$ cat protein.cif   # mmCIF, N, CA, C and O atoms
data_my_file
#
loop_
_atom_site.label_atom_id
_atom_site.label_comp_id
_atom_site.auth_asym_id
_atom_site.auth_seq_id
_atom_site.Cartn_x
_atom_site.Cartn_y
_atom_site.Cartn_z
N MET D 911 0.86 -1.17 0.00
CA MET D 911 0.00 0.00 0.00
C MET D 911 0.91 1.24 0.00
O MET D 911 1.86 1.32 0.76
N ASN D 912 0.61 2.19 -0.85
CA ASN D 912 1.39 3.42 -0.96
C ASN D 912 0.58 4.62 -0.48
O ASN D 912 -0.65 4.64 -0.56
N CYS D 913 1.30 5.63 -0.04
CA CYS D 913 0.71 6.88 0.42
C CYS D 913 -0.01 7.57 -0.74
O CYS D 913 0.53 7.67 -1.84
N GLN D 914 -1.22 8.04 -0.48
CA GLN D 914 -1.99 8.71 -1.54
C GLN D 914 -1.44 10.09 -1.87
O GLN D 914 -1.71 10.64 -2.93
N LYS D 915 -0.61 10.65 -0.99
CA LYS D 915 -0.08 12.00 -1.22
C LYS D 915 1.28 11.97 -1.92
O LYS D 915 1.50 12.67 -2.89
N CYS D 916 2.21 11.13 -1.39
CA CYS D 916 3.58 11.15 -1.92
C CYS D 916 3.99 9.84 -2.60
O CYS D 916 5.09 9.75 -3.12
N GLU D 917 3.10 8.84 -2.58
CA GLU D 917 3.37 7.52 -3.14
C GLU D 917 4.44 6.74 -2.38
O GLU D 917 4.88 5.70 -2.82
N GLY D 918 4.87 7.26 -1.22
CA GLY D 918 5.87 6.56 -0.41
C GLY D 918 5.27 5.36 0.30
O GLY D 918 4.05 5.15 0.29
N ASN D 919 6.13 4.58 0.94
CA ASN D 919 5.64 3.39 1.64
C ASN D 919 6.19 3.28 3.06
O ASN D 919 6.23 2.20 3.63
N ASN D 920 6.58 4.40 3.66
CA ASN D 920 7.11 4.43 5.03
C ASN D 920 5.95 4.44 6.03
O ASN D 920 5.31 5.45 6.23
N ASP D 921 5.67 3.29 6.67
CA ASP D 921 4.66 3.20 7.71
C ASP D 921 3.30 3.73 7.23
O ASP D 921 2.70 4.61 7.84
N VAL D 922 2.82 3.20 6.11
CA VAL D 922 1.56 3.65 5.52
C VAL D 922 0.38 2.98 6.23
O VAL D 922 0.40 1.77 6.48
N ILE D 923 -0.61 3.79 6.58
CA ILE D 923 -1.83 3.26 7.18
C ILE D 923 -3.04 3.92 6.53
O ILE D 923 -2.95 5.03 6.01
N ALA D 924 -4.16 3.23 6.59
CA ALA D 924 -5.44 3.79 6.14
C ALA D 924 -6.22 4.20 7.39
O ALA D 924 -6.21 3.49 8.40
N PHE D 925 -6.86 5.36 7.33
CA PHE D 925 -7.64 5.84 8.47
C PHE D 925 -8.72 6.78 7.98
O PHE D 925 -8.73 7.21 6.82
N GLN D 926 -9.65 7.11 8.86
CA GLN D 926 -10.73 8.04 8.56
C GLN D 926 -10.42 9.39 9.17
O GLN D 926 -10.05 9.49 10.34
N LYS D 927 -10.56 10.43 8.36
CA LYS D 927 -10.47 11.80 8.86
C LYS D 927 -11.83 12.42 8.57
O LYS D 927 -12.10 12.85 7.46
N GLY D 928 -12.68 12.42 9.59
CA GLY D 928 -14.06 12.83 9.36
C GLY D 928 -14.73 11.79 8.48
O GLY D 928 -14.69 10.60 8.75
N ALA D 929 -15.31 12.24 7.37
CA ALA D 929 -15.96 11.33 6.43
C ALA D 929 -15.00 10.82 5.36
O ALA D 929 -15.34 9.96 4.57
N GLU D 930 -13.79 11.36 5.35
CA GLU D 930 -12.82 11.04 4.30
C GLU D 930 -11.90 9.90 4.71
O GLU D 930 -11.34 9.90 5.81
N ARG D 931 -11.72 8.91 3.83
CA ARG D 931 -10.77 7.82 4.06
C ARG D 931 -9.43 8.26 3.49
O ARG D 931 -9.34 8.70 2.36
N MET D 932 -8.38 8.16 4.30
CA MET D 932 -7.06 8.59 3.87
C MET D 932 -6.09 7.43 4.01
O MET D 932 -6.21 6.60 4.90
N VAL D 933 -5.11 7.39 3.11
CA VAL D 933 -4.02 6.41 3.14
C VAL D 933 -2.73 7.22 3.07
O VAL D 933 -2.38 7.73 2.01
N LEU D 934 -2.07 7.37 4.23
CA LEU D 934 -0.91 8.25 4.29
C LEU D 934 0.26 7.57 4.99
O LEU D 934 0.08 6.76 5.90
N CYS D 935 1.47 7.97 4.59
CA CYS D 935 2.69 7.50 5.25
C CYS D 935 2.91 8.33 6.51
O CYS D 935 2.21 9.32 6.75
N ALA D 936 3.90 7.93 7.32
CA ALA D 936 4.17 8.62 8.58
C ALA D 936 4.48 10.10 8.36
O ALA D 936 3.97 10.97 9.08
N ASP D 937 5.30 10.41 7.35
CA ASP D 937 5.67 11.81 7.12
C ASP D 937 4.47 12.65 6.70
O ASP D 937 4.30 13.77 7.18
N CYS D 938 3.63 12.13 5.83
CA CYS D 938 2.47 12.89 5.37
C CYS D 938 1.42 13.02 6.47
O CYS D 938 0.74 14.04 6.55
N ARG D 939 1.30 12.02 7.35
CA ARG D 939 0.39 12.15 8.50
C ARG D 939 0.87 13.28 9.40
O ARG D 939 0.06 14.07 9.89
N LEU D 940 2.17 13.36 9.62
CA LEU D 940 2.69 14.45 10.45
C LEU D 940 2.46 15.81 9.80
O LEU D 940 2.12 16.78 10.48
N GLN D 941 2.62 15.88 8.50
CA GLN D 941 2.37 17.14 7.80
C GLN D 941 0.90 17.52 7.91
O GLN D 941 0.57 18.70 8.03
N LEU D 942 0.03 16.53 7.87
CA LEU D 942 -1.40 16.79 8.00
C LEU D 942 -1.72 17.33 9.39
O LEU D 942 -2.49 18.26 9.54
N LEU D 943 -1.08 16.75 10.41
CA LEU D 943 -1.34 17.15 11.79
C LEU D 943 -0.61 18.42 12.18
O LEU D 943 -1.10 19.21 12.97
N ALA D 944 0.58 18.60 11.66
CA ALA D 944 1.41 19.75 12.05
C ALA D 944 2.14 20.29 10.83
O ALA D 944 3.34 20.11 10.69
N PRO D 945 1.43 20.98 9.92
CA PRO D 945 2.05 21.41 8.67
C PRO D 945 3.20 22.39 8.83
O PRO D 945 4.02 22.53 7.93
N HIS D 946 3.31 23.07 9.96
CA HIS D 946 4.39 24.04 10.13
C HIS D 946 5.70 23.39 10.58
O HIS D 946 6.71 24.06 10.65
N PHE D 947 5.69 22.09 10.86
CA PHE D 947 6.91 21.39 11.25
C PHE D 947 7.59 20.85 10.00
O PHE D 947 7.26 19.77 9.54
N GLN D 948 8.51 21.59 9.45
CA GLN D 948 9.25 21.15 8.27
C GLN D 948 10.74 21.34 8.52
O GLN D 948 11.18 22.45 8.78
N VAL D 949 11.47 20.25 8.45
CA VAL D 949 12.91 20.31 8.66
C VAL D 949 13.58 19.96 7.33
O VAL D 949 13.44 18.85 6.85
N PRO D 950 14.25 20.91 6.70
CA PRO D 950 14.92 20.60 5.44
C PRO D 950 15.97 19.52 5.65
O PRO D 950 16.81 19.63 6.54
N GLU D 951 15.91 18.47 4.85
CA GLU D 951 16.85 17.36 4.98
C GLU D 951 18.29 17.84 4.83
O GLU D 951 19.19 17.31 5.48
N SER D 952 18.54 18.85 4.03
CA SER D 952 19.91 19.31 3.80
C SER D 952 20.53 19.93 5.05
O SER D 952 21.74 20.05 5.13
N ARG D 953 19.72 20.32 6.02
CA ARG D 953 20.25 20.94 7.24
C ARG D 953 20.43 19.92 8.35
O ARG D 953 20.90 20.26 9.42
N TRP D 954 20.04 18.68 8.13
CA TRP D 954 20.08 17.66 9.17
C TRP D 954 21.38 16.89 9.10
O TRP D 954 21.86 16.53 8.03
N SER D 955 21.94 16.59 10.24
CA SER D 955 23.14 15.77 10.32
C SER D 955 23.03 14.89 11.55
O SER D 955 22.93 15.40 12.67
N ASN D 956 23.03 13.59 11.35
CA ASN D 956 23.01 12.67 12.48
C ASN D 956 24.22 12.89 13.38
O ASN D 956 24.12 12.85 14.60
N SER D 957 25.38 13.14 12.77
CA SER D 957 26.59 13.35 13.54
C SER D 957 26.48 14.61 14.40
O SER D 957 26.92 14.62 15.56
N ALA D 958 25.91 15.67 13.86
CA ALA D 958 25.73 16.90 14.64
C ALA D 958 24.77 16.65 15.80
O ALA D 958 25.02 17.09 16.93
N CYS D 959 23.70 15.92 15.55
CA CYS D 959 22.74 15.59 16.61
C CYS D 959 23.43 14.83 17.73
O CYS D 959 23.26 15.15 18.91
N LEU D 960 24.21 13.83 17.37
CA LEU D 960 24.93 13.06 18.39
C LEU D 960 25.95 13.91 19.12
O LEU D 960 26.14 13.77 20.34
N GLY D 961 26.59 14.82 18.41
CA GLY D 961 27.53 15.73 19.04
C GLY D 961 26.85 16.61 20.08
O GLY D 961 27.37 16.80 21.19
N TYR D 962 25.67 17.15 19.74
CA TYR D 962 24.92 17.95 20.71
C TYR D 962 24.54 17.11 21.93
O TYR D 962 24.62 17.58 23.07
N ALA D 963 24.11 15.88 21.69
CA ALA D 963 23.74 15.00 22.81
C ALA D 963 24.93 14.74 23.72
O ALA D 963 24.82 14.78 24.95
N ILE D 964 26.10 14.48 23.12
CA ILE D 964 27.31 14.23 23.90
C ILE D 964 27.69 15.48 24.71
O ILE D 964 27.99 15.39 25.91
N LEU D 965 27.67 16.64 24.07
CA LEU D 965 28.02 17.88 24.77
C LEU D 965 27.07 18.16 25.92
O LEU D 965 27.50 18.55 27.02
N GLY D 966 25.79 17.96 25.70
CA GLY D 966 24.82 18.17 26.77
C GLY D 966 25.02 17.20 27.92
O GLY D 966 24.96 17.59 29.10
N ALA D 967 25.27 15.94 27.58
CA ALA D 967 25.49 14.93 28.62
C ALA D 967 26.76 15.24 29.41
O ALA D 967 26.80 15.09 30.64
N GLN D 968 27.82 15.67 28.72
CA GLN D 968 29.05 16.04 29.42
C GLN D 968 28.81 17.22 30.36
O GLN D 968 29.30 17.23 31.49
N ARG D 969 28.06 18.19 29.90
CA ARG D 969 27.76 19.36 30.72
C ARG D 969 26.99 18.98 31.99
O ARG D 969 27.16 19.59 33.04
N LEU D 970 26.17 17.92 31.88
CA LEU D 970 25.40 17.45 33.03
C LEU D 970 26.18 16.48 33.91
O LEU D 970 25.67 15.99 34.91
N GLY D 971 27.41 16.18 33.51
CA GLY D 971 28.25 15.32 34.31
C GLY D 971 28.00 13.83 34.13
O GLY D 971 28.32 13.03 35.01
N TYR D 972 27.43 13.43 32.99
CA TYR D 972 27.21 12.00 32.73
C TYR D 972 28.55 11.28 32.65
O TYR D 972 29.54 11.85 32.16
N SER D 973 28.57 10.03 33.09
CA SER D 973 29.78 9.22 32.97
C SER D 973 29.95 8.79 31.51
O SER D 973 29.01 8.89 30.70
N GLN D 974 31.12 8.28 31.17
CA GLN D 974 31.35 7.80 29.79
C GLN D 974 30.38 6.67 29.45
O GLN D 974 29.90 6.61 28.31
N ASN D 975 30.08 5.79 30.39
CA ASN D 975 29.13 4.71 30.12
C ASN D 975 27.73 5.26 29.88
O ASN D 975 27.01 4.78 29.00
N GLN D 976 27.32 6.25 30.65
CA GLN D 976 26.01 6.87 30.45
C GLN D 976 25.94 7.55 29.09
O GLN D 976 24.92 7.47 28.40
N ILE D 977 27.01 8.24 28.71
CA ILE D 977 27.04 8.91 27.40
C ILE D 977 26.98 7.87 26.29
O ILE D 977 26.26 8.03 25.31
N LYS D 978 27.71 6.77 26.44
CA LYS D 978 27.68 5.70 25.45
C LYS D 978 26.27 5.14 25.29
O LYS D 978 25.79 4.95 24.18
N GLU D 979 25.57 4.92 26.40
CA GLU D 979 24.19 4.43 26.35
C GLU D 979 23.27 5.45 25.67
O GLU D 979 22.41 5.09 24.87
N LEU D 980 23.44 6.72 26.00
CA LEU D 980 22.63 7.78 25.39
C LEU D 980 22.86 7.82 23.88
O LEU D 980 21.90 7.87 23.10
N VAL D 981 24.12 7.82 23.47
CA VAL D 981 24.45 7.88 22.04
C VAL D 981 23.86 6.68 21.30
O VAL D 981 23.27 6.82 20.23
N ARG D 982 23.97 5.49 21.88
CA ARG D 982 23.39 4.30 21.24
C ARG D 982 21.87 4.41 21.13
O ARG D 982 21.29 4.04 20.11
N ALA D 983 21.22 4.91 22.18
CA ALA D 983 19.76 5.06 22.15
C ALA D 983 19.33 6.06 21.09
O ALA D 983 18.39 5.81 20.32
N VAL D 984 20.01 7.21 21.04
CA VAL D 984 19.66 8.23 20.04
C VAL D 984 19.95 7.70 18.65
O VAL D 984 19.12 7.84 17.73
N TYR D 985 21.09 7.07 18.47
CA TYR D 985 21.48 6.54 17.16
C TYR D 985 20.44 5.54 16.64
O TYR D 985 20.08 5.57 15.46
N SER D 986 19.93 4.69 17.51
CA SER D 986 18.94 3.70 17.06
C SER D 986 17.64 4.37 16.62
O SER D 986 16.92 3.85 15.76
N GLU D 987 17.33 5.53 17.17
CA GLU D 987 16.11 6.25 16.78
C GLU D 987 16.18 6.80 15.35
O GLU D 987 15.16 7.02 14.73
N PHE D 988 17.41 7.02 14.84
CA PHE D 988 17.54 7.54 13.47
C PHE D 988 16.86 6.61 12.46
O PHE D 988 16.31 7.08 11.46
N ASP D 989 16.89 5.30 12.71
CA ASP D 989 16.28 4.35 11.80
C ASP D 989 14.79 4.15 12.07
O ASP D 989 14.08 3.65 11.21
N LEU D 990 14.34 4.51 13.25
CA LEU D 990 12.96 4.23 13.65
C LEU D 990 12.04 5.44 13.54
O LEU D 990 10.83 5.28 13.43
N THR D 991 12.61 6.64 13.59
CA THR D 991 11.81 7.85 13.68
C THR D 991 12.25 8.85 12.62
O THR D 991 13.44 9.12 12.48
N SER D 992 11.29 9.40 11.88
CA SER D 992 11.64 10.38 10.84
C SER D 992 12.01 11.71 11.49
O SER D 992 11.70 11.97 12.66
N ILE D 993 12.65 12.56 10.73
CA ILE D 993 13.02 13.89 11.22
C ILE D 993 11.76 14.66 11.61
O ILE D 993 11.72 15.31 12.66
N ALA D 994 10.74 14.56 10.79
CA ALA D 994 9.48 15.27 11.10
C ALA D 994 8.87 14.76 12.40
O ALA D 994 8.40 15.54 13.23
N GLU D 995 8.87 13.43 12.60
CA GLU D 995 8.33 12.87 13.84
C GLU D 995 9.12 13.34 15.05
O GLU D 995 8.54 13.72 16.07
N ALA D 996 10.45 13.31 14.95
CA ALA D 996 11.30 13.74 16.07
C ALA D 996 11.08 15.22 16.37
O ALA D 996 11.07 15.63 17.54
N THR D 997 10.88 16.01 15.34
CA THR D 997 10.63 17.45 15.53
C THR D 997 9.34 17.65 16.30
O THR D 997 9.28 18.46 17.23
N VAL D 998 8.30 16.92 15.93
CA VAL D 998 7.01 17.05 16.62
C VAL D 998 7.15 16.60 18.07
O VAL D 998 6.64 17.27 18.99
N VAL D 999 7.87 15.50 18.32
CA VAL D 999 8.08 15.04 19.69
C VAL D 999 8.73 16.15 20.52
O VAL D 999 8.29 16.45 21.63
N TYR D 1000 9.76 16.76 19.97
CA TYR D 1000 10.44 17.84 20.70
C TYR D 1000 9.53 19.05 20.90
O TYR D 1000 9.41 19.58 22.01
N GLU D 1001 8.88 19.48 19.84
CA GLU D 1001 8.05 20.69 19.92
C GLU D 1001 6.88 20.53 20.87
O GLU D 1001 6.43 21.50 21.49
N LEU D 1002 6.38 19.32 21.02
CA LEU D 1002 5.24 19.07 21.91
C LEU D 1002 5.66 18.64 23.31
O LEU D 1002 4.83 18.49 24.19
N SER D 1003 6.97 18.48 23.53
CA SER D 1003 7.46 18.04 24.83
C SER D 1003 7.50 19.21 25.82
O SER D 1003 7.52 20.37 25.41
N PRO D 1004 7.56 18.92 27.11
CA PRO D 1004 7.67 19.98 28.10
C PRO D 1004 9.10 20.50 28.24
O PRO D 1004 9.37 21.35 29.07
N TYR D 1005 10.02 20.00 27.41
CA TYR D 1005 11.42 20.40 27.52
C TYR D 1005 11.72 21.52 26.57
O TYR D 1005 12.66 21.97 26.25
#

$ encode --input "protein.cif" --output "structure tokens"
Amino acid sequence: MNCQKCEGNNDVIAFQKGAERMVLCADCRLQLLAPHFQVPESRWSNSACLGYAILGAQRLGYSQNQIKELVRAVYSEFDLTSIAEATVVYELSPY
């Protein structure tokens, strides 16, 4: 099943929005829910993200083992969560 908007196949689901049946991928669902959350792919760097995480953890006094665990956890999210999804998580978080 492909997304009706972009023809992609990343986590595509069918759902009802009011009376309308929609078939959208994860990225297009996020755009539908939060259209102002757009992160240009050219500005994203996994390495920069991990660097920020390391710097923040060091500033908080995390041990090397704690930083290693944090980096591994964040790194694994790169494959599981889109940039748009991560942006929404951050923007809606209390942090």

$ select_by_dssp --input "protein.cif" --residues "chain D" --states "helix (DSSP H, G or I)" --output "number ranges by chain"
D: 936-943, 951-953, 956-969, 974-990, 993-1002

$ resolve_selection --input "protein.cif" --expression "the PyMOL selection byres ((chain D and resi 923) around 6)" --output "list in words"
Asp921, Val922, Ala924, Phe925, Met932, Val933, Leu934 and Cys935 of chain D

$ atom_distance --input "protein.cif" --atom1 "atom CA of Leu960 of chain D" --atom2 "atom CA of Cys916 of chain D"
29.5 Å

$ resolve_selection --input "protein.cif" --expression "the PyMOL selection byres ((chain D and resi 911) around 7)" --output "PyMOL selection string"
chain D and resi 912-913+917-920+922-923

$ resolve_selection --input "protein.cif" --expression "the PyMOL selection byres (((chain D and resi 961-969 and name CA) around 12) and name CA)" --output "PyMOL selection string"
chain D and resi 955-960+970-985

$ write_last_selection --input "protein.cif" --atoms "N, CA, C and O atoms" --output "PDB file, in the frame of the given file"
ATOM      1  N   SER D 955      21.940  16.590  10.240  1.00  0.00           N
ATOM      2  CA  SER D 955      23.140  15.770  10.320  1.00  0.00           C
ATOM      3  C   SER D 955      23.030  14.890  11.550  1.00  0.00           C
ATOM      4  O   SER D 955      22.930  15.400  12.670  1.00  0.00           O
ATOM      5  N   ASN D 956      23.030  13.590  11.350  1.00  0.00           N
ATOM      6  CA  ASN D 956      23.010  12.670  12.480  1.00  0.00           C
ATOM      7  C   ASN D 956      24.220  12.890  13.380  1.00  0.00           C
ATOM      8  O   ASN D 956      24.120  12.850  14.600  1.00  0.00           O
ATOM      9  N   SER D 957      25.380  13.140  12.770  1.00  0.00           N
ATOM     10  CA  SER D 957      26.590  13.350  13.540  1.00  0.00           C
ATOM     11  C   SER D 957      26.480  14.610  14.400  1.00  0.00           C
ATOM     12  O   SER D 957      26.920  14.620  15.560  1.00  0.00           O
ATOM     13  N   ALA D 958      25.910  15.670  13.860  1.00  0.00           N
ATOM     14  CA  ALA D 958      25.730  16.900  14.640  1.00  0.00           C
ATOM     15  C   ALA D 958      24.770  16.650  15.800  1.00  0.00           C
ATOM     16  O   ALA D 958      25.020  17.090  16.930  1.00  0.00           O
ATOM     17  N   CYS D 959      23.700  15.920  15.550  1.00  0.00           N
ATOM     18  CA  CYS D 959      22.740  15.590  16.610  1.00  0.00           C
ATOM     19  C   CYS D 959      23.430  14.830  17.730  1.00  0.00           C
ATOM     20  O   CYS D 959      23.260  15.150  18.910  1.00  0.00           O
ATOM     21  N   LEU D 960      24.210  13.830  17.370  1.00  0.00           N
ATOM     22  CA  LEU D 960      24.930  13.060  18.390  1.00  0.00           C
ATOM     23  C   LEU D 960      25.950  13.910  19.120  1.00  0.00           C
ATOM     24  O   LEU D 960      26.140  13.770  20.340  1.00  0.00           O
ATOM     25  N   LEU D 970      26.170  17.920  31.880  1.00  0.00           N
ATOM     26  CA  LEU D 970      25.400  17.450  33.030  1.00  0.00           C
ATOM     27  C   LEU D 970      26.180  16.480  33.910  1.00  0.00           C
ATOM     28  O   LEU D 970      25.670  15.990  34.910  1.00  0.00           O
ATOM     29  N   GLY D 971      27.410  16.180  33.510  1.00  0.00           N
ATOM     30  CA  GLY D 971      28.250  15.320  34.310  1.00  0.00           C
ATOM     31  C   GLY D 971      28.000  13.830  34.130  1.00  0.00           C
ATOM     32  O   GLY D 971      28.320  13.030  35.010  1.00  0.00           O
ATOM     33  N   TYR D 972      27.430  13.430  32.990  1.00  0.00           N
ATOM     34  CA  TYR D 972      27.210  12.000  32.730  1.00  0.00           C
ATOM     35  C   TYR D 972      28.550  11.280  32.650  1.00  0.00           C
ATOM     36  O   TYR D 972      29.540  11.850  32.160  1.00  0.00           O
ATOM     37  N   SER D 973      28.570  10.030  33.090  1.00  0.00           N
ATOM     38  CA  SER D 973      29.780   9.220  32.970  1.00  0.00           C
ATOM     39  C   SER D 973      29.950   8.790  31.510  1.00  0.00           C
ATOM     40  O   SER D 973      29.010   8.890  30.700  1.00  0.00           O
ATOM     41  N   GLN D 974      31.120   8.280  31.170  1.00  0.00           N
ATOM     42  CA  GLN D 974      31.350   7.800  29.790  1.00  0.00           C
ATOM     43  C   GLN D 974      30.380   6.670  29.450  1.00  0.00           C
ATOM     44  O   GLN D 974      29.900   6.610  28.310  1.00  0.00           O
ATOM     45  N   ASN D 975      30.080   5.790  30.390  1.00  0.00           N
ATOM     46  CA  ASN D 975      29.130   4.710  30.120  1.00  0.00           C
ATOM     47  C   ASN D 975      27.730   5.260  29.880  1.00  0.00           C
ATOM     48  O   ASN D 975      27.010   4.780  29.000  1.00  0.00           O
ATOM     49  N   GLN D 976      27.320   6.250  30.650  1.00  0.00           N
ATOM     50  CA  GLN D 976      26.010   6.870  30.450  1.00  0.00           C
ATOM     51  C   GLN D 976      25.940   7.550  29.090  1.00  0.00           C
ATOM     52  O   GLN D 976      24.920   7.470  28.400  1.00  0.00           O
ATOM     53  N   ILE D 977      27.010   8.240  28.710  1.00  0.00           N
ATOM     54  CA  ILE D 977      27.040   8.910  27.400  1.00  0.00           C
ATOM     55  C   ILE D 977      26.980   7.870  26.290  1.00  0.00           C
ATOM     56  O   ILE D 977      26.260   8.030  25.310  1.00  0.00           O
ATOM     57  N   LYS D 978      27.710   6.770  26.440  1.00  0.00           N
ATOM     58  CA  LYS D 978      27.680   5.700  25.450  1.00  0.00           C
ATOM     59  C   LYS D 978      26.270   5.140  25.290  1.00  0.00           C
ATOM     60  O   LYS D 978      25.790   4.950  24.180  1.00  0.00           O
ATOM     61  N   GLU D 979      25.570   4.920  26.400  1.00  0.00           N
ATOM     62  CA  GLU D 979      24.190   4.430  26.350  1.00  0.00           C
ATOM     63  C   GLU D 979      23.270   5.450  25.670  1.00  0.00           C
ATOM     64  O   GLU D 979      22.410   5.090  24.870  1.00  0.00           O
ATOM     65  N   LEU D 980      23.440   6.720  26.000  1.00  0.00           N
ATOM     66  CA  LEU D 980      22.630   7.780  25.390  1.00  0.00           C
ATOM     67  C   LEU D 980      22.860   7.820  23.880  1.00  0.00           C
ATOM     68  O   LEU D 980      21.900   7.870  23.100  1.00  0.00           O
ATOM     69  N   VAL D 981      24.120   7.820  23.470  1.00  0.00           N
ATOM     70  CA  VAL D 981      24.450   7.880  22.040  1.00  0.00           C
ATOM     71  C   VAL D 981      23.860   6.680  21.300  1.00  0.00           C
ATOM     72  O   VAL D 981      23.270   6.820  20.230  1.00  0.00           O
ATOM     73  N   ARG D 982      23.970   5.490  21.880  1.00  0.00           N
ATOM     74  CA  ARG D 982      23.390   4.300  21.240  1.00  0.00           C
ATOM     75  C   ARG D 982      21.870   4.410  21.130  1.00  0.00           C
ATOM     76  O   ARG D 982      21.290   4.040  20.110  1.00  0.00           O
ATOM     77  N   ALA D 983      21.220   4.910  22.180  1.00  0.00           N
ATOM     78  CA  ALA D 983      19.760   5.060  22.150  1.00  0.00           C
ATOM     79  C   ALA D 983      19.330   6.060  21.090  1.00  0.00           C
ATOM     80  O   ALA D 983      18.390   5.810  20.320  1.00  0.00           O
ATOM     81  N   VAL D 984      20.010   7.210  21.040  1.00  0.00           N
ATOM     82  CA  VAL D 984      19.660   8.230  20.040  1.00  0.00           C
ATOM     83  C   VAL D 984      19.950   7.700  18.650  1.00  0.00           C
ATOM     84  O   VAL D 984      19.120   7.840  17.730  1.00  0.00           O
ATOM     85  N   TYR D 985      21.090   7.070  18.470  1.00  0.00           N
ATOM     86  CA  TYR D 985      21.480   6.540  17.160  1.00  0.00           C
ATOM     87  C   TYR D 985      20.440   5.540  16.640  1.00  0.00           C
ATOM     88  O   TYR D 985      20.080   5.570  15.460  1.00  0.00           O
TER      89      TYR D 985
END

$ decode --input "protein.cif" --residues "segment 930-935 of chain D" --atoms "all heavy atoms" --output "compact mmCIF listing (two decimals), in the first residue's frame"
# COMPACT_ATOMS: atom_id res chain seq x y z
N GLU D 930 -13.79 11.36 5.35
CA GLU D 930 -12.82 11.04 4.30
C GLU D 930 -11.90 9.90 4.71
O GLU D 930 -11.34 9.90 5.81
CB GLU D 930 -11.98 12.29 4.00
CG GLU D 930 -11.00 12.13 2.88
CD GLU D 930 -10.20 13.41 2.63
OE1 GLU D 930 -10.33 14.38 3.39
OE2 GLU D 930 -9.43 13.41 1.66
N ARG D 931 -11.72 8.91 3.83
CA ARG D 931 -10.77 7.82 4.06
C ARG D 931 -9.43 8.26 3.49
O ARG D 931 -9.34 8.70 2.36
CB ARG D 931 -11.21 6.54 3.37
CG ARG D 931 -10.24 5.39 3.62
CD ARG D 931 -10.75 4.10 2.96
NE ARG D 931 -9.94 2.97 3.32
CZ ARG D 931 -8.85 2.56 2.67
NH1 ARG D 931 -8.45 3.21 1.59
NH2 ARG D 931 -8.16 1.51 3.06
N MET D 932 -8.38 8.16 4.30
CA MET D 932 -7.06 8.59 3.87
C MET D 932 -6.09 7.43 4.01
O MET D 932 -6.21 6.60 4.90
CB MET D 932 -6.59 9.78 4.70
CG MET D 932 -7.56 10.96 4.64
SD MET D 932 -6.86 12.46 5.30
CE MET D 932 -5.93 13.00 3.88
N VAL D 933 -5.11 7.39 3.11
CA VAL D 933 -4.02 6.41 3.14
C VAL D 933 -2.73 7.22 3.07
O VAL D 933 -2.38 7.73 2.01
CB VAL D 933 -4.12 5.42 1.97
CG1 VAL D 933 -2.98 4.44 2.00
CG2 VAL D 933 -5.46 4.70 1.99
N LEU D 934 -2.07 7.37 4.23
CA LEU D 934 -0.91 8.25 4.29
C LEU D 934 0.26 7.57 4.99
O LEU D 934 0.08 6.76 5.90
CB LEU D 934 -1.23 9.54 5.05
CG LEU D 934 -2.29 10.46 4.43
CD1 LEU D 934 -2.57 11.63 5.37
CD2 LEU D 934 -1.86 10.94 3.07
N CYS D 935 1.47 7.97 4.59
CA CYS D 935 2.69 7.50 5.25
C CYS D 935 2.91 8.33 6.51
O CYS D 935 2.21 9.32 6.75
CB CYS D 935 3.89 7.62 4.31
SG CYS D 935 4.37 9.32 3.93
